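Structure first, commentary second.
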Amino acid sequence: PVGNTYTITEVDQEGWKQTSTNPSAITIVAGMDQQNVNFGNFKNVTINVTKDVVGIDGVTDVTDSAEFKSLLNNADAKTIAEGTTATYKVEDPGTYSVTESVNTDYDYIGCFLGDNEFTNYSVESGQTYNVVCKNKQKPATLIVSKNVIDSENNDDGVFSEDEFDVVLGEETKQIADKAGGKVKAEFDNLQPGDYTFTETPKDGYIFEGCTNNGEVALGSNKTAEVTCTNRIIDPILQIEKSNDKTGIDLYAGNEVTYTITVTAPDDKAEGTYVLNDVIVSDIAP
């Protein structure tokens with residue numbers, strides 16, 4: 001009817017947002033043909049963010065459980081890791097960037113949609129974007145030290161000038177527990193991951209093992225310090241003394257020949273022991 005005034009609105013629909021203001025009230029006049037009473041709508045956009053970690057070479061794909069924080073337009077931090085997804089629901093049109101918080105243990109490569117970084121990206125209504133944030137691991141370091149104990153498992157004041165070989169992969173280094181200080185083996189620039197190192201057996205010692213049985217998990221940009229312990233095998237000397245006049249009466253001026261026999265008997269219970277700089281002295285009768 002002419003003269004009536006009408007207000008036109010839109011009923012909200014889940015998953016959509018009205019981006020325009022409501023049209024002004026319309027008063028009907030004779031012969032009116034009102035066009036372009038329009039509404040703007042934007043359907044929610046979904047941005048899924050996942051994580052991809054590569055090795056220290058920047059290329060090799062690795063498995064890494066570390067957690068990172070993704071950011072949408074430098075806000076709304078969410079946890080992401082390999083195998084997990086952070087989802088953002090975008091209700092407004094515009095440009096968006098996905099980045100992540102600084103993690104000093106990794107080199108940040110960027111967050112990508114395909115081959116392009118998702119930076120100042122103009123999203124389209126109703127679309128889903130799968131963004132991958134990439135990081136490069138930093139080298140890890142393994143430090144191995146030596147602890148020498150005596151047969152009574154005492155550590156204080158027990159040292160050895162001997163050096164022991166530690167093998168990691170194809171690399172061999174020496175460790176020692178000397179009176180002047182410990183000699184440590186440092187394996188650096190390692191690709192993060194699980195490692196097993198071994199120690200070469202050495203005569204004179206019983207190998208008591210290393211921290212975690214020589215197995216160590218190295219994280220990105222992390223340094224692990226482990227200790228290998230060796231117990232000194234107490235050396236054995238057997239000394240026998242005899243003479244060629246046993247059971248014979250002797251008088252002043254007689255000559256007697258003494259024989260001193262020194263042996264190092266086997267110690268089958270302990271292992272091979274080592275004797276150094278042995279001096280045997282005899283006291284004349």
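The way I read the labels, and the way they are meant: chains A, B, ... in the order of the structure tokens, residue 1 as the first residue of every chain, and ligand 1 as the first ligand shown, with later ones counted on from there.
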
**Report entry** Who sits within 12 Å of Glu10 of chain A, only C-alpha atoms, same chain under 5 positions skipped, as a list in words
**Finding:**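 The neighbour list is Trp16, Lys17, Gln18, Thr19, Ser20, Thr21, Asn22, Pro23, Val37, Asn38, Phe39, Gly40 and Asn41 of chain A.
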
Export of the given selection (N, CA and C atoms) as a CSV table (one decimal), in the first residue's frame:
```csv
chain,number,residue,atom,x,y,z
A,16,TRP,N,27.7,-17.9,8.6
A,16,TRP,CA,27.8,-16.8,7.7
A,16,TRP,C,27.8,-15.5,8.6
A,17,LYS,N,28.3,-14.5,8.0
A,17,LYS,CA,28.3,-13.2,8.7
A,17,LYS,C,27.8,-12.1,7.7
A,18,GLN,N,26.9,-11.3,8.2
A,18,GLN,CA,26.4,-10.2,7.3
A,18,GLN,C,27.4,-9.1,7.3
A,19,THR,N,27.9,-8.7,6.1
A,19,THR,CA,29.0,-7.7,6.0
A,19,THR,C,28.5,-6.3,5.7
A,20,SER,N,27.2,-6.2,5.4
A,20,SER,CA,26.7,-4.9,5.0
A,20,SER,C,25.7,-4.4,6.1
A,21,THR,N,25.5,-3.1,6.1
A,21,THR,CA,24.5,-2.6,7.1
A,21,THR,C,23.1,-2.9,6.5
A,22,ASN,N,22.1,-2.9,7.4
A,22,ASN,CA,20.7,-3.1,6.9
A,22,ASN,C,20.3,-1.9,6.0
A,23,PRO,N,19.5,-2.2,5.0
A,23,PRO,CA,19.0,-1.1,4.1
A,23,PRO,C,18.2,-0.1,4.9
A,37,VAL,N,18.2,-3.6,-3.4
A,37,VAL,CA,18.2,-3.6,-1.9
A,37,VAL,C,19.0,-4.9,-1.6
A,38,ASN,N,20.3,-4.7,-1.4
A,38,ASN,CA,21.2,-5.8,-1.3
A,38,ASN,C,21.8,-6.0,0.1
A,39,PHE,N,22.2,-7.2,0.3
A,39,PHE,CA,22.9,-7.6,1.5
A,39,PHE,C,24.2,-8.3,1.2
A,40,GLY,N,25.2,-7.9,2.0
A,40,GLY,CA,26.5,-8.6,1.8
A,40,GLY,C,26.7,-9.7,2.9
A,41,ASN,N,27.2,-10.8,2.4
A,41,ASN,CA,27.5,-11.9,3.3
A,41,ASN,C,28.8,-12.5,3.1
```

Query raised in the report: What's the 7 Å shell around Asp107 of chain A, counting only C-alpha atoms, without same-chain residues fewer than 3 positions away, as a list in words?
Result: Asn135, Lys136, Gln137 and Lys138 of chain A

Return as CSV the residues of segment 42-132 of chain A lying at most 9 Å from segment 192-206 of chain A, together with the closest atom-to-atom pair for each and the distance in Å to one decimal, counting only C-alpha atoms, with rows in chain order and ascending residue number.
```
residue,atom,partner,partner_atom,distance
A:Gly55,CA,A:Pro192,CA,7.8
A:Ile56,CA,A:Pro192,CA,8.2
A:Thr63,CA,A:Gly193,CA,8.8
A:Asp64,CA,A:Gly193,CA,8.6
```

Query raised in the report: Quick one: of A:Ala140, A:Leu71, A:Val256, A:Val183, who's nearest to Ala217 of chain A, counting only C-alpha atoms?
Result: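 When distances to Ala217 of chain A are compared using only C-alpha atoms, the smallest one comes from A:Ala140.
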
Report summary line: For Leu275 of chain A, the closest of A:Gly83, A:Gly110, A:Pro235, A:Gly126 counting only C-alpha atoms is A:Pro235

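Once Ile260 of chain A and its same-chain neighbours fewer than 2 positions away are set aside, A:Ile239, A:Glu240, A:Lys241, A:Ser242, A:Tyr258, A:Val262 remain within 8 Å of it when counting only C-alpha atoms.
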
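Excluding Glu186 of chain A itself and same-chain residues fewer than 6 positions from it, the residues having an atom within 8 Å of it are A:Thr141, A:Leu142, A:Ile143, A:Val144, A:Lys173, counting only C-alpha atoms.
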
Using all heavy atoms, can you write the selected residues to a file as a PDB file, in the first residue's frame?
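And here's out_14.pdb as it stands now:
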```
ATOM      1  N   THR A 141      74.632 -31.825  20.355  1.00  0.00           N
ATOM      2  CA  THR A 141      75.972 -32.155  20.850  1.00  0.00           C
ATOM      3  C   THR A 141      75.884 -33.230  21.931  1.00  0.00           C
ATOM      4  O   THR A 141      75.000 -33.181  22.785  1.00  0.00           O
ATOM      5  CB  THR A 141      76.672 -30.910  21.425  1.00  0.00           C
ATOM      6  OG1 THR A 141      76.760 -29.908  20.411  1.00  0.00           O
ATOM      7  CG2 THR A 141      78.080 -31.242  21.917  1.00  0.00           C
ATOM      8  N   LEU A 142      76.815 -34.181  21.866  1.00  0.00           N
ATOM      9  CA  LEU A 142      76.920 -35.226  22.883  1.00  0.00           C
ATOM     10  C   LEU A 142      78.292 -35.125  23.544  1.00  0.00           C
ATOM     11  O   LEU A 142      79.316 -35.115  22.864  1.00  0.00           O
ATOM     12  CB  LEU A 142      76.754 -36.617  22.272  1.00  0.00           C
ATOM     13  CG  LEU A 142      77.036 -37.806  23.194  1.00  0.00           C
ATOM     14  CD1 LEU A 142      76.045 -37.831  24.363  1.00  0.00           C
ATOM     15  CD2 LEU A 142      76.985 -39.117  22.427  1.00  0.00           C
ATOM     16  N   ILE A 143      78.308 -35.023  24.892  1.00  0.00           N
ATOM     17  CA  ILE A 143      79.557 -34.955  25.653  1.00  0.00           C
ATOM     18  C   ILE A 143      79.638 -36.183  26.559  1.00  0.00           C
ATOM     19  O   ILE A 143      78.731 -36.439  27.348  1.00  0.00           O
ATOM     20  CB  ILE A 143      79.636 -33.662  26.488  1.00  0.00           C
ATOM     21  CG1 ILE A 143      79.596 -32.436  25.570  1.00  0.00           C
ATOM     22  CG2 ILE A 143      80.898 -33.653  27.337  1.00  0.00           C
ATOM     23  CD1 ILE A 143      79.565 -31.120  26.323  1.00  0.00           C
ATOM     24  N   VAL A 144      80.742 -36.935  26.429  1.00  0.00           N
ATOM     25  CA  VAL A 144      80.937 -38.155  27.216  1.00  0.00           C
ATOM     26  C   VAL A 144      82.146 -37.965  28.127  1.00  0.00           C
ATOM     27  O   VAL A 144      83.209 -37.526  27.677  1.00  0.00           O
ATOM     28  CB  VAL A 144      81.162 -39.381  26.308  1.00  0.00           C
ATOM     29  CG1 VAL A 144      81.237 -40.657  27.149  1.00  0.00           C
ATOM     30  CG2 VAL A 144      80.055 -39.493  25.268  1.00  0.00           C
ATOM     31  N   LYS A 173      86.742 -41.088  19.918  1.00  0.00           N
ATOM     32  CA  LYS A 173      87.407 -40.057  20.703  1.00  0.00           C
ATOM     33  C   LYS A 173      87.799 -40.640  22.055  1.00  0.00           C
ATOM     34  O   LYS A 173      87.317 -41.704  22.450  1.00  0.00           O
ATOM     35  CB  LYS A 173      86.504 -38.835  20.875  1.00  0.00           C
ATOM     36  CG  LYS A 173      86.222 -38.110  19.557  1.00  0.00           C
ATOM     37  CD  LYS A 173      85.529 -36.767  19.774  1.00  0.00           C
ATOM     38  CE  LYS A 173      85.368 -36.023  18.454  1.00  0.00           C
ATOM     39  NZ  LYS A 173      84.817 -34.660  18.627  1.00  0.00           N
TER      40      LYS A 173
END
```

Requested in this report: In Å, rounded to a single decimal, give me how far atom CA of Gly219 of chain A is from atom CA of Val59 of chain A.
Outcome: 17.6 Å

Query raised in the report: Which is closest to Asn213 of chain A among A:Lys178, A:Tyr6, A:Thr227, A:Asp12, if we use only C-alpha atoms?
Result: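 Closest to Asn213 of chain A, using only C-alpha atoms: A:Thr227.
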